[in-house]
$ cat work.txt   # compact mmCIF, C-alpha atoms and all ligand atoms
# COMPACT_ATOMS: atom_id res chain seq x y z
CA MET M 1 0.00 0.00 0.00
CA TYR M 2 2.84 2.38 0.87
CA ARG M 3 4.58 1.85 -2.46
CA ARG M 4 1.42 2.05 -4.56
CA PHE M 5 -0.48 4.89 -2.89
CA ILE M 6 1.45 6.74 -0.20
CA LYS M 7 4.94 6.93 -1.68
CA PRO M 8 3.81 8.44 -5.02
CA LEU M 9 2.07 11.21 -3.08
CA LEU M 10 5.01 11.81 -0.77
CA PHE M 11 7.42 11.79 -3.70
CA LEU M 12 5.49 14.70 -5.27
CA MET M 13 6.68 16.87 -2.40
CA PRO M 14 10.17 18.14 -1.63
CA ALA M 15 11.96 15.35 0.26
CA GLU M 16 12.31 17.07 3.62
CA ARG M 17 8.66 18.18 3.69
CA ALA M 18 7.57 14.65 2.81
CA HIS M 19 9.66 13.32 5.70
CA ARG M 20 8.11 15.82 8.12
CA ILE M 21 4.56 15.01 7.01
CA ALA M 22 5.01 11.21 6.94
CA PHE M 23 6.79 11.11 10.29
CA GLY M 24 4.23 13.50 11.83
CA LEU M 25 1.36 11.33 10.60
CA LEU M 26 2.97 8.17 11.90
CA ARG M 27 3.43 9.75 15.34
CA ALA M 28 -0.14 11.09 15.40
CA LEU M 29 -1.57 7.68 14.49
CA MET M 30 0.60 5.82 16.98
CA ALA M 31 -0.47 8.19 19.75
CA LEU M 32 -3.84 6.38 19.56
CA PRO M 33 -3.32 3.32 21.80
CA PHE M 34 -5.56 0.99 19.77
CA VAL M 35 -3.75 1.89 16.52
CA ALA M 36 -0.36 1.35 18.17
CA ALA M 37 -1.50 -2.04 19.52
CA LEU M 38 -2.82 -3.09 16.09
CA VAL M 39 0.37 -2.00 14.34
CA ARG M 40 2.55 -3.79 16.89
CA ARG M 41 0.57 -6.96 16.36
CA TRP M 42 0.79 -6.64 12.55
CA ALA M 43 4.55 -5.93 12.70
CA SER M 44 5.30 -9.03 14.72
CA ARG M 45 2.84 -11.39 12.97
CA GLY M 46 4.65 -14.35 11.46
CA VAL M 47 8.07 -13.15 12.64
CA PRO M 48 9.75 -15.63 14.99
CA PRO M 49 11.72 -14.12 17.88
CA LEU M 50 15.17 -12.88 16.80
CA THR M 51 16.43 -11.76 20.18
CA THR M 52 19.92 -10.38 19.74
CA ARG M 53 22.22 -9.96 22.72
CA ALA M 54 24.80 -7.25 22.09
CA LEU M 55 26.25 -4.19 23.83
CA GLY M 56 24.88 -5.45 27.14
CA LEU M 57 21.35 -5.20 25.73
CA GLU M 58 18.68 -7.53 24.44
CA PHE M 59 17.39 -6.29 21.08
CA PRO M 60 14.09 -7.90 20.00
CA ASN M 61 15.63 -8.26 16.53
CA PRO M 62 18.83 -7.00 14.86
CA ILE M 63 17.14 -4.63 12.36
CA LEU M 64 17.59 -1.08 13.64
CA LEU M 65 16.69 2.34 12.27
CA ALA M 66 19.83 4.37 11.52
CA ALA M 67 20.55 7.85 12.86
CA GLY M 68 19.10 10.90 11.16
CA PHE M 69 15.47 9.81 10.78
CA ASP M 70 14.39 10.73 14.33
CA LYS M 71 16.95 13.43 15.04
CA ASN M 72 15.13 14.82 18.06
CA ALA M 73 13.89 11.64 19.72
CA GLU M 74 10.27 12.53 19.01
CA GLY M 75 9.02 9.29 17.50
CA PHE M 76 11.14 6.34 18.53
CA GLU M 77 8.18 4.51 20.10
CA ALA M 78 6.14 4.85 16.90
CA LEU M 79 9.11 3.58 14.89
CA GLY M 80 9.72 0.76 17.36
CA ALA M 81 6.09 -0.31 16.94
CA LEU M 82 6.74 -0.86 13.22
CA GLY M 83 9.10 -3.66 14.19
CA PHE M 84 12.52 -2.09 14.42
CA GLY M 85 14.68 -3.81 17.02
CA GLY M 86 15.88 -0.38 18.14
CA VAL M 87 16.09 3.22 16.99
CA GLU M 88 19.19 5.39 16.91
CA VAL M 89 18.15 8.99 17.55
CA GLY M 90 20.18 12.07 16.62
CA THR M 91 22.60 13.25 15.56
CA VAL M 92 22.22 15.43 18.64
CA THR M 93 24.61 18.29 19.39
CA ALA M 94 25.30 19.99 22.71
CA GLU M 95 23.51 23.12 21.50
CA GLY M 96 20.45 23.18 19.27
CA GLN M 97 21.11 24.41 15.72
CA PRO M 98 19.13 24.95 12.49
CA GLY M 99 21.43 23.03 10.13
CA ASN M 100 22.11 24.03 6.55
CA PRO M 101 19.80 26.17 4.40
CA LEU M 102 17.01 24.39 2.46
CA PRO M 103 16.84 22.51 0.16
CA ARG M 104 19.20 19.99 1.76
CA LEU M 105 17.65 16.59 1.08
CA PHE M 106 17.30 15.11 -2.42
CA ARG M 107 16.01 11.88 -3.93
CA LEU M 108 17.83 9.94 -6.63
CA PRO M 109 15.09 7.44 -7.55
CA ALA M 110 17.05 5.95 -10.48
CA ASP M 111 19.69 4.92 -7.94
CA ARG M 112 17.38 4.16 -4.99
CA ALA M 113 19.47 6.73 -3.17
CA LEU M 114 19.34 10.03 -1.29
CA VAL M 115 21.74 12.92 -0.97
CA ASN M 116 21.59 14.99 2.20
CA ARG M 117 23.44 17.94 3.60
CA MET M 118 21.22 18.47 6.62
CA GLY M 119 24.12 19.68 8.78
CA PHE M 120 22.98 18.30 12.15
CA ASN M 121 19.72 20.27 12.44
CA ASN M 122 18.45 19.37 15.93
CA ASP M 123 16.88 20.71 19.11
CA GLY M 124 20.03 20.24 21.19
CA VAL M 125 20.91 17.74 23.88
CA GLU M 126 18.83 19.36 26.62
CA ARG M 127 15.50 18.88 24.84
CA VAL M 128 16.43 15.42 23.59
CA ALA M 129 17.48 14.26 27.08
CA GLU M 130 14.10 15.41 28.47
CA ARG M 131 12.31 13.25 25.86
CA LEU M 132 14.51 10.26 26.65
CA ALA M 133 13.97 10.54 30.39
CA ARG M 134 10.40 9.20 30.13
CA PRO M 135 9.80 5.47 30.50
CA ARG M 136 10.00 3.68 27.14
CA ARG M 137 9.73 0.23 25.58
CA THR M 138 11.93 0.77 22.50
CA LEU M 139 15.71 0.46 22.76
CA VAL M 140 17.28 3.80 21.89
CA GLY M 141 20.85 4.58 20.88
CA VAL M 142 21.88 8.24 20.94
CA ASN M 143 24.14 9.52 18.18
CA LEU M 144 26.25 12.53 19.21
CA GLY M 145 27.88 15.12 16.97
CA LYS M 146 29.83 18.35 17.30
CA THR M 147 27.99 21.66 17.52
CA ARG M 148 28.85 23.51 14.32
CA LYS M 149 29.98 26.78 15.90
CA VAL M 150 32.36 25.01 18.31
CA ASP M 151 35.86 24.94 16.87
CA ASP M 152 37.90 21.77 16.50
CA GLU M 153 40.02 22.58 19.56
CA HIS M 154 36.97 22.41 21.81
CA ALA M 155 35.34 19.42 20.13
CA ILE M 156 36.01 17.05 23.04
CA GLU M 157 34.34 19.35 25.59
CA ASP M 158 31.35 19.66 23.28
CA TYR M 159 30.87 15.88 22.91
CA VAL M 160 31.46 15.40 26.66
CA LYS M 161 28.72 17.90 27.47
CA SER M 162 26.25 15.89 25.38
CA ALA M 163 27.43 12.56 26.79
CA LEU M 164 26.95 13.73 30.38
CA ARG M 165 23.40 14.81 29.58
CA VAL M 166 22.20 11.70 27.70
CA GLY M 167 24.34 9.18 29.60
CA PRO M 168 21.67 8.37 32.19
CA TYR M 169 19.05 7.53 29.53
CA ALA M 170 20.74 6.16 26.40
CA ASP M 171 20.85 2.40 25.79
CA TYR M 172 23.99 3.00 23.77
CA VAL M 173 25.88 6.09 22.64
CA VAL M 174 27.52 6.71 19.26
CA VAL M 175 30.26 9.23 18.62
CA ASN M 176 29.60 10.43 15.08
CA VAL M 177 32.79 11.64 13.41
CA SER M 178 31.76 10.74 9.89
CA SER M 179 29.11 13.16 8.66
CA PRO M 180 30.36 14.99 5.56
CA ASN M 181 28.14 17.99 6.34
CA THR M 182 29.93 19.55 9.32
CA PRO M 183 33.21 21.10 8.20
CA GLY M 184 36.26 19.38 9.71
CA LEU M 185 34.26 16.68 11.49
CA ARG M 186 35.70 13.74 9.59
CA GLY M 187 39.21 14.84 10.59
CA LEU M 188 38.32 13.47 14.04
CA GLN M 189 38.53 9.96 12.58
CA ALA M 190 42.35 10.11 12.70
CA THR M 191 43.18 7.82 15.60
CA GLU M 192 45.41 10.36 17.38
CA ARG M 193 42.32 12.59 17.63
CA LEU M 194 39.71 9.85 17.96
CA ARG M 195 41.35 8.03 20.89
CA PRO M 196 41.26 10.99 23.35
CA LEU M 197 37.76 11.89 22.18
CA LEU M 198 36.38 8.39 22.82
CA LEU M 199 38.19 8.07 26.15
CA ALA M 200 36.75 11.39 27.31
CA VAL M 201 33.23 10.46 26.21
CA ARG M 202 33.51 7.11 27.94
CA GLU M 203 34.58 8.80 31.14
CA ALA M 204 31.60 11.15 30.87
CA LEU M 205 29.23 8.20 30.38
CA THR M 206 30.69 6.48 33.45
CA GLN M 207 30.23 9.66 35.42
CA ALA M 208 26.66 10.03 34.15
CA ARG M 209 25.69 6.45 35.02
CA PRO M 210 28.35 4.87 37.26
CA GLU M 211 26.37 1.70 38.03
CA ARG M 212 26.06 0.63 34.38
CA PRO M 213 27.38 3.06 31.75
CA PRO M 214 25.84 2.78 28.28
CA ALA M 215 27.90 1.06 25.57
CA LEU M 216 30.05 3.35 23.47
CA LEU M 217 30.44 3.10 19.69
CA VAL M 218 31.98 5.15 16.91
CA LYS M 219 30.42 5.66 13.48
CA ILE M 220 32.82 5.87 10.58
CA ALA M 221 32.75 7.00 6.95
CA PRO M 222 32.91 4.68 3.94
CA ASP M 223 35.47 6.94 2.29
CA LEU M 224 38.38 6.11 4.62
CA GLY M 225 41.41 4.33 3.21
CA GLU M 226 42.17 0.76 4.20
CA ASP M 227 44.95 1.80 6.60
CA ALA M 228 42.70 4.28 8.38
CA ILE M 229 39.96 1.66 8.78
CA LEU M 230 42.37 -0.91 10.18
CA ALA M 231 43.87 1.71 12.51
CA ILE M 232 40.40 2.40 13.91
CA GLY M 233 39.91 -1.35 14.39
CA ASP M 234 43.21 -1.57 16.28
CA MET M 235 42.36 1.42 18.41
CA ALA M 236 38.95 -0.04 19.22
CA LEU M 237 40.63 -3.20 20.49
CA GLU M 238 43.24 -1.23 22.42
CA ILE M 239 40.78 0.95 24.33
CA GLY M 240 38.08 -1.73 24.62
CA LEU M 241 35.50 0.16 22.58
CA ASP M 242 32.13 -1.58 22.54
CA GLY M 243 31.30 -1.18 18.88
CA ILE M 244 31.77 0.40 15.47
CA ILE M 245 29.05 1.45 13.02
CA ALA M 246 30.10 1.00 9.40
CA THR M 247 29.12 3.24 7.66
CA ASN M 248 27.83 6.76 7.30
CA THR M 249 27.08 8.34 3.88
CA THR M 250 29.68 8.79 1.13
CA THR M 251 30.84 11.94 -0.65
CA SER M 252 31.52 9.86 -3.78
CA ARG M 253 29.24 10.16 -6.83
CA GLU M 254 30.75 7.27 -8.75
CA GLU M 255 28.74 4.80 -10.81
CA LEU M 256 25.38 6.51 -10.50
CA ARG M 257 22.54 6.29 -13.00
CA THR M 258 21.37 9.80 -12.17
CA ASP M 259 22.77 12.12 -14.83
CA ALA M 260 25.71 14.43 -14.18
CA ARG M 261 23.65 17.59 -14.63
CA SER M 262 21.12 16.59 -11.97
CA LEU M 263 23.95 15.65 -9.61
CA GLU M 264 25.56 19.01 -10.15
CA ALA M 265 22.26 20.80 -9.46
CA ILE M 266 21.90 18.86 -6.20
CA GLY M 267 25.40 19.79 -5.08
CA ALA M 268 27.35 18.67 -2.01
CA GLY M 269 26.18 16.18 0.59
CA GLY M 270 26.32 12.59 1.73
CA LEU M 271 25.02 9.91 -0.64
CA SER M 272 23.10 7.01 0.91
CA GLY M 273 21.20 3.98 -0.32
CA ALA M 274 21.92 1.32 -2.95
CA PRO M 275 25.10 2.87 -4.41
CA LEU M 276 26.72 2.64 -0.96
CA LYS M 277 26.17 -1.10 -0.62
CA ALA M 278 29.49 -2.47 -1.85
CA LYS M 279 31.60 0.19 -0.15
CA SER M 280 29.98 -0.26 3.27
CA LEU M 281 30.28 -4.02 3.01
CA THR M 282 34.00 -3.74 2.25
CA VAL M 283 34.54 -1.54 5.30
CA LEU M 284 32.67 -4.06 7.42
CA GLU M 285 34.75 -6.96 6.08
CA LEU M 286 37.99 -5.12 6.78
CA LEU M 287 36.91 -4.36 10.33
CA ARG M 288 35.77 -7.91 10.98
CA ALA M 289 39.10 -9.25 9.74
CA ARG M 290 40.80 -7.01 12.31
CA VAL M 291 38.56 -7.16 15.38
CA HIS M 292 36.84 -10.58 14.91
CA ASP M 293 34.16 -10.86 17.57
CA ARG M 294 35.87 -8.64 20.13
CA VAL M 295 34.11 -5.44 19.02
CA VAL M 296 30.43 -5.37 18.06
CA LEU M 297 30.00 -4.31 14.44
CA ILE M 298 26.84 -2.60 13.23
CA ALA M 299 26.36 -2.50 9.46
CA ALA M 300 24.73 0.47 7.70
CA GLY M 301 24.79 1.62 4.09
CA GLY M 302 22.64 0.37 1.23
CA ILE M 303 20.86 -2.37 3.15
CA GLU M 304 17.61 -2.88 1.22
CA THR M 305 16.75 -6.57 1.07
CA GLU M 306 16.74 -9.74 3.14
CA ASP M 307 19.87 -10.83 1.25
CA ASP M 308 21.65 -7.60 2.17
CA VAL M 309 20.88 -8.26 5.85
CA TRP M 310 22.13 -11.81 5.51
CA ASP M 311 25.33 -10.69 3.72
CA ARG M 312 26.16 -8.17 6.44
CA ILE M 313 25.51 -10.63 9.24
CA ARG M 314 27.72 -13.25 7.60
CA ALA M 315 30.36 -10.57 7.04
CA GLY M 316 30.44 -9.93 10.80
CA ALA M 317 27.64 -7.52 11.70
CA THR M 318 25.72 -8.37 14.86
CA LEU M 319 23.17 -5.65 14.13
CA VAL M 320 22.19 -3.82 10.95
CA GLN M 321 20.72 -0.38 10.35
CA VAL M 322 18.60 1.00 7.52
CA TYR M 323 17.55 4.49 6.51
CA THR M 324 17.24 5.11 2.75
CA SER M 325 15.48 1.82 1.97
CA PHE M 326 12.90 2.67 4.67
CA VAL M 327 12.09 5.84 2.69
CA TYR M 328 11.73 3.86 -0.54
CA GLU M 329 10.03 0.75 0.86
CA GLY M 330 7.93 2.14 3.70
CA PRO M 331 6.70 0.93 7.08
CA GLY M 332 6.57 -2.76 6.10
CA LEU M 333 10.36 -2.90 5.71
CA PRO M 334 11.50 -3.87 9.23
CA ARG M 335 8.99 -6.73 9.34
CA LYS M 336 9.97 -7.94 5.86
CA LEU M 337 13.69 -7.90 6.73
CA ALA M 338 13.18 -9.63 10.08
CA LYS M 339 11.05 -12.30 8.45
CA GLY M 340 13.61 -12.83 5.70
CA LEU M 341 16.36 -13.20 8.27
CA ALA M 342 14.35 -15.72 10.29
CA ASP M 343 13.70 -17.70 7.09
CA ARG M 344 17.41 -17.83 6.26
CA LEU M 345 18.34 -18.88 9.79
CA SER M 346 15.86 -21.73 9.68
CA ALA M 347 16.83 -22.74 6.10
CA TYR M 348 20.48 -22.96 7.13
CA CYS M 349 19.67 -24.54 10.52
CA THR M 350 21.73 -21.99 12.32
CA THR M 351 21.36 -19.39 15.05
CA LEU M 352 21.96 -15.69 14.73
CA GLU M 353 25.09 -15.96 16.90
CA GLU M 354 26.51 -18.66 14.64
CA ALA M 355 25.67 -16.76 11.47
CA VAL M 356 27.54 -13.60 12.56
CA GLY M 357 30.88 -13.58 10.73
CA SER M 358 30.35 -17.04 9.30
CA GLY M 359 31.74 -15.76 5.99
CA ARG M 360 30.46 -14.58 2.66
CA SER M 361 31.02 -17.98 1.10
CA PHE M 362 28.73 -19.47 3.71
CA ASP M 363 28.07 -23.12 2.97
CA PRO M 364 24.88 -24.34 4.66
CA ARG M 365 26.10 -27.96 4.49
CA SER M 366 29.05 -27.13 6.73
CA VAL M 367 26.69 -25.87 9.39
CA ARG M 368 24.40 -28.85 9.09
CA SER M 369 27.21 -31.37 9.21
CA SER M 370 28.80 -29.76 12.26
CA ARG M 371 25.77 -30.23 14.46
CA PRO M 372 23.20 -32.97 14.86
CA PRO M 373 19.87 -32.28 13.13
CA SER M 374 18.04 -32.35 16.45
CA ALA M 375 20.05 -29.32 17.62
CA ALA M 376 18.74 -27.21 14.75
C1 LIG O 401 18.48 12.33 5.41
C2 LIG O 401 19.55 11.64 6.16
C3 LIG O 401 19.98 12.16 7.36
C4 LIG O 401 20.99 11.51 8.06
N1 LIG O 401 21.40 12.03 9.26
C5 LIG O 401 22.34 11.39 9.97
C6 LIG O 401 22.74 11.87 11.23
O1 LIG O 401 22.22 12.88 11.72
N2 LIG O 401 23.71 11.20 11.89
C7 LIG O 401 24.30 10.07 11.40
O2 LIG O 401 25.17 9.49 12.05
N3 LIG O 401 23.91 9.58 10.21
C8 LIG O 401 22.97 10.20 9.49
N4 LIG O 401 22.58 9.70 8.29
C9 LIG O 401 23.26 8.49 7.77
C10 LIG O 401 22.48 7.22 8.08
O3 LIG O 401 22.36 7.03 9.46
C11 LIG O 401 23.19 6.00 7.46
O4 LIG O 401 24.44 5.80 8.09
C12 LIG O 401 23.41 6.17 5.97
O5 LIG O 401 22.33 6.82 5.35
C13 LIG O 401 23.66 4.82 5.27
O6 LIG O 401 22.54 3.98 5.42
P1 LIG O 401 21.40 3.84 4.26
O7 LIG O 401 22.12 3.58 2.98
O8 LIG O 401 20.54 2.71 4.73
O9 LIG O 401 20.66 5.13 4.22
C14 LIG O 401 21.58 10.33 7.56
C15 LIG O 401 21.13 9.80 6.35
C16 LIG O 401 20.12 10.43 5.65
C17 LIG O 401 19.64 9.84 4.35
$ encode --input "work.txt" --output "structure tokens"
Amino acid sequence: MYRRFIKPLLFLMPAERAHRIAFGLLRALMALPFVAALVRRWASRGVPPLTTRALGLEFPNPILLAAGFDKNAEGFEALGALGFGGVEVGTVTAEGQPGNPLPRLFRLPADRALVNRMGFNNDGVERVAERLARPRRTLVGVNLGKTRKVDDEHAIEDYVKSALRVGPYADYVVVNVSSPNTPGLRGLQATERLRPLLLAVREALTQARPERPPALLVKIAPDLGEDAILAIGDMALEIGLDGIIATNTTTSREELRTDARSLEAIGAGGLSGAPLKAKSLTVLELLRARVHDRVVLIAAGGIETEDDVWDRIRAGATLVQVYTSFVYEGPGLPRKLAKGLADRLSAYCTTLEEAVGSGRSFDPRSVRSSRPPSAA
């Protein structure tokens, strides 16, 4: 129904307005308890449990909504009701800011992609923390970024301020150093700058919630060179980082179907969706080769189908995140992906834990032969 009736209407509007209207409608509908209950039932119908233990948490399934959709933590319960195993809110910055001038979000339908240069538009950590302080049933990660007007020298203080404020409420916290839309931000991915930043944020989270600090992750760009990716993997092992999210959007415009003139008219920004698939998978594979199962890997970037989910899990992701395919496919996506994953697990007689990192050339016979049929 979404693809036949709702999406064509939404796609007549500028992308950001369509997002505001669709997300507003979803929240309004889900505020009605009987609608929320019906939707929850529909979203879980026919989907076997896919409980995923990671980051000290129990996710109902490993399909999460990536950062940027619910920047201000206004609708994570409505999104959770659609069947997402968790929602990453943000990017949130220490001070609220308007982001870049409009238009700043563009569709590339021929490529099943989006380009955005939102620039961390958000209400600021104070407002977001207030929304997170209420009791909730959906697992929520909080993605933190640097306030634009804060210079690089004071970046650590800025992230620490946010971490102290959301630390008591976040299920996990992500340090985002990979958005292409805040000048200089990606320079923080260099390990000599990233290490002190992550250590300071972790200290802040421990201070905010000494009894059980939230897990700490870093989100990286797909445009890093192999050495830089491996260096981040090594650093993660060295400091005992809980996880890495691979990846954010790319600045590349290679191999697109959308014509050069349209791309030029759109201008700068991060490209997401199908064209990012191969790049994000490569980053994930490199990281897995380095960190094995000692750091939790979350895959993001061009995940659209059940096979994409399966590929990322076999490449080493414990959890996966989607954004652009949710825009193109609609509210049925989390259920469809979870169902597809459950089908593959049962077809290959394996558990989610066993499937993680089991390799791209996964041979179902090897799994079957290594365990008695009754254990399946
Ligand atoms: C409109 C838009 C806004 C985004 N905003 C953020 C953000 O605020 N913080 C962040 O870490 N990632 C942000 N992202 C990146 C996504 O979280 C995700 O990493 C990326 O889009 C790749 O996944 P996808 O191909 O499934 O979209 C944004 C993506 C889009 C399309």
$ residues_near_ligand --input "work.txt" --ligand "ligand LIG 401 (chain O)" --cutoff "6 Å" --atoms "only C-alpha atoms and all ligand atoms" --output "number ranges by chain"
M: 66-68, 90-91, 114, 116, 120, 176, 247-249, 272-273, 300-303, 322-325
$ write_last_selection --input "work.txt" --atoms "C-alpha atoms" --output "PDB file, in the coordinates of the input"
ATOM      1  CA  ALA M  66      19.830   4.370  11.520  1.00  0.00           C
ATOM      2  CA  ALA M  67      20.550   7.850  12.860  1.00  0.00           C
ATOM      3  CA  GLY M  68      19.100  10.900  11.160  1.00  0.00           C
ATOM      4  CA  GLY M  90      20.180  12.070  16.620  1.00  0.00           C
ATOM      5  CA  THR M  91      22.600  13.250  15.560  1.00  0.00           C
ATOM      6  CA  LEU M 114      19.340  10.030  -1.290  1.00  0.00           C
ATOM      7  CA  ASN M 116      21.590  14.990   2.200  1.00  0.00           C
ATOM      8  CA  PHE M 120      22.980  18.300  12.150  1.00  0.00           C
ATOM      9  CA  ASN M 176      29.600  10.430  15.080  1.00  0.00           C
ATOM     10  CA  THR M 247      29.120   3.240   7.660  1.00  0.00           C
ATOM     11  CA  ASN M 248      27.830   6.760   7.300  1.00  0.00           C
ATOM     12  CA  THR M 249      27.080   8.340   3.880  1.00  0.00           C
ATOM     13  CA  SER M 272      23.100   7.010   0.910  1.00  0.00           C
ATOM     14  CA  GLY M 273      21.200   3.980  -0.320  1.00  0.00           C
ATOM     15  CA  ALA M 300      24.730   0.470   7.700  1.00  0.00           C
ATOM     16  CA  GLY M 301      24.790   1.620   4.090  1.00  0.00           C
ATOM     17  CA  GLY M 302      22.640   0.370   1.230  1.00  0.00           C
ATOM     18  CA  ILE M 303      20.860  -2.370   3.150  1.00  0.00           C
ATOM     19  CA  VAL M 322      18.600   1.000   7.520  1.00  0.00           C
ATOM     20  CA  TYR M 323      17.550   4.490   6.510  1.00  0.00           C
ATOM     21  CA  THR M 324      17.240   5.110   2.750  1.00  0.00           C
ATOM     22  CA  SER M 325      15.480   1.820   1.970  1.00  0.00           C
TER      23      SER M 325
END
$ closest_atom_pairs --input "work.txt" --of "stretch 98-167 of chain M" --to "stretch 4-16 of chain M" --cutoff "9 Å" --atoms "all atoms listed in the file" --output "CSV"
residue,atom,partner,partner_atom,distance
M:Leu102,CA,M:Glu16,CA,8.8
M:Pro103,CA,M:Glu16,CA,7.9
M:Arg104,CA,M:Glu16,CA,7.7
M:Leu105,CA,M:Ala15,CA,5.9
M:Phe106,CA,M:Ala15,CA,6.0
M:Arg107,CA,M:Ala15,CA,6.8
$ closest_residue --input "work.txt" --among "M:Ser262, M:Gln321, M:Thr52, M:Ile229" --to "M:Leu333" --atoms "all atoms listed in the file"
M:Gln321
$ residues_around --input "work.txt" --residues "M:Phe59" --least-positions-apart "3" --cutoff "9 Å" --atoms "all atoms listed in the file" --output "number ranges by chain"
M: 50-54, 62-63, 85-86, 139
$ closest_residue --input "work.txt" --among "M:Ala265, M:Leu64, M:Met30, M:Ala338" --to "M:Ala43" --atoms "all atoms listed in the file"
M:Ala338
$ atom_distance --input "work.txt" --atom1 "atom CA of M:Glu306" --atom2 "atom CA of M:Leu79"
19.3 Å
$ atom_distance --input "work.txt" --atom1 "atom CA of M:Thr206" --atom2 "atom CA of M:Glu192"
22.1 Å
$ atom_distance --input "work.txt" --atom1 "atom CA of M:Asp152" --atom2 "atom CA of M:Glu88"
24.9 Å
$ closest_residue --input "work.txt" --among "M:Ser162, M:Thr351, M:Ser346, M:Asn181" --to "M:Ile313" --atoms "all atoms listed in the file"
M:Thr351
$ closest_residue --input "work.txt" --among "M:Ile245, M:Ala94, M:Leu197, M:Leu38" --to "M:Val150" --atoms "only C-alpha atoms"
M:Ala94
$ closest_residue --input "work.txt" --among "M:Leu241, M:Leu284, M:Ala78, M:Val47" --to "M:Ala28" --atoms "only C-alpha atoms"
M:Ala78
$ residues_around --input "work.txt" --residues "M:Leu188" --least-positions-apart "3" --cutoff "9 Å" --atoms "only C-alpha atoms" --output "NGL selection string"
:M and (152 or 177-178 or 184-185 or 191-194 or 197)
$ closest_residue --input "work.txt" --among "M:Arg148, M:Gly267, M:Arg165, M:Thr138" --to "M:Gly83" --atoms "all atoms listed in the file"
M:Thr138
$ decode --input "work.txt" --residues "stretch 243-254 of chain M" --atoms "N, CA, C and O atoms" --output "PDB file, in the first residue's frame"
ATOM      1  N   GLY M 243      31.770  -0.894  20.231  1.00  0.00           N
ATOM      2  CA  GLY M 243      31.298  -1.181  18.875  1.00  0.00           C
ATOM      3  C   GLY M 243      31.671  -0.128  17.856  1.00  0.00           C
ATOM      4  O   GLY M 243      32.106   0.981  18.194  1.00  0.00           O
ATOM      5  N   ILE M 244      31.516  -0.510  16.592  1.00  0.00           N
ATOM      6  CA  ILE M 244      31.769   0.405  15.468  1.00  0.00           C
ATOM      7  C   ILE M 244      30.586   0.303  14.505  1.00  0.00           C
ATOM      8  O   ILE M 244      30.128  -0.804  14.189  1.00  0.00           O
ATOM      9  N   ILE M 245      30.097   1.451  14.042  1.00  0.00           N
ATOM     10  CA  ILE M 245      29.050   1.454  13.021  1.00  0.00           C
ATOM     11  C   ILE M 245      29.683   1.770  11.672  1.00  0.00           C
ATOM     12  O   ILE M 245      30.323   2.813  11.489  1.00  0.00           O
ATOM     13  N   ALA M 246      29.530   0.847  10.737  1.00  0.00           N
ATOM     14  CA  ALA M 246      30.102   1.001   9.400  1.00  0.00           C
ATOM     15  C   ALA M 246      28.973   0.843   8.387  1.00  0.00           C
ATOM     16  O   ALA M 246      28.487  -0.274   8.214  1.00  0.00           O
ATOM     17  N   THR M 247      28.506   1.929   7.747  1.00  0.00           N
ATOM     18  CA  THR M 247      29.124   3.240   7.662  1.00  0.00           C
ATOM     19  C   THR M 247      28.082   4.360   7.598  1.00  0.00           C
ATOM     20  O   THR M 247      26.898   4.094   7.445  1.00  0.00           O
ATOM     21  N   ASN M 248      28.624   5.567   7.586  1.00  0.00           N
ATOM     22  CA  ASN M 248      27.826   6.760   7.304  1.00  0.00           C
ATOM     23  C   ASN M 248      27.677   6.917   5.778  1.00  0.00           C
ATOM     24  O   ASN M 248      27.974   5.979   5.044  1.00  0.00           O
ATOM     25  N   THR M 249      27.264   8.075   5.319  1.00  0.00           N
ATOM     26  CA  THR M 249      27.085   8.335   3.877  1.00  0.00           C
ATOM     27  C   THR M 249      28.433   8.603   3.209  1.00  0.00           C
ATOM     28  O   THR M 249      29.423   8.887   3.888  1.00  0.00           O
ATOM     29  N   THR M 250      28.429   8.545   1.870  1.00  0.00           N
ATOM     30  CA  THR M 250      29.677   8.795   1.127  1.00  0.00           C
ATOM     31  C   THR M 250      29.612  10.130   0.376  1.00  0.00           C
ATOM     32  O   THR M 250      28.528  10.572  -0.011  1.00  0.00           O
ATOM     33  N   THR M 251      30.780  10.715   0.166  1.00  0.00           N
ATOM     34  CA  THR M 251      30.840  11.940  -0.651  1.00  0.00           C
ATOM     35  C   THR M 251      31.040  11.582  -2.126  1.00  0.00           C
ATOM     36  O   THR M 251      30.996  12.445  -2.982  1.00  0.00           O
ATOM     37  N   SER M 252      31.279  10.294  -2.400  1.00  0.00           N
ATOM     38  CA  SER M 252      31.522   9.858  -3.781  1.00  0.00           C
ATOM     39  C   SER M 252      30.229   9.939  -4.610  1.00  0.00           C
ATOM     40  O   SER M 252      29.132   9.783  -4.087  1.00  0.00           O
ATOM     41  N   ARG M 253      30.391  10.175  -5.898  1.00  0.00           N
ATOM     42  CA  ARG M 253      29.236  10.155  -6.830  1.00  0.00           C
ATOM     43  C   ARG M 253      29.526   9.187  -7.976  1.00  0.00           C
ATOM     44  O   ARG M 253      29.005   9.341  -9.068  1.00  0.00           O
ATOM     45  N   GLU M 254      30.362   8.200  -7.698  1.00  0.00           N
ATOM     46  CA  GLU M 254      30.754   7.272  -8.754  1.00  0.00           C
ATOM     47  C   GLU M 254      29.641   6.268  -9.071  1.00  0.00           C
ATOM     48  O   GLU M 254      28.882   5.873  -8.187  1.00  0.00           O
TER      49      GLU M 254
END
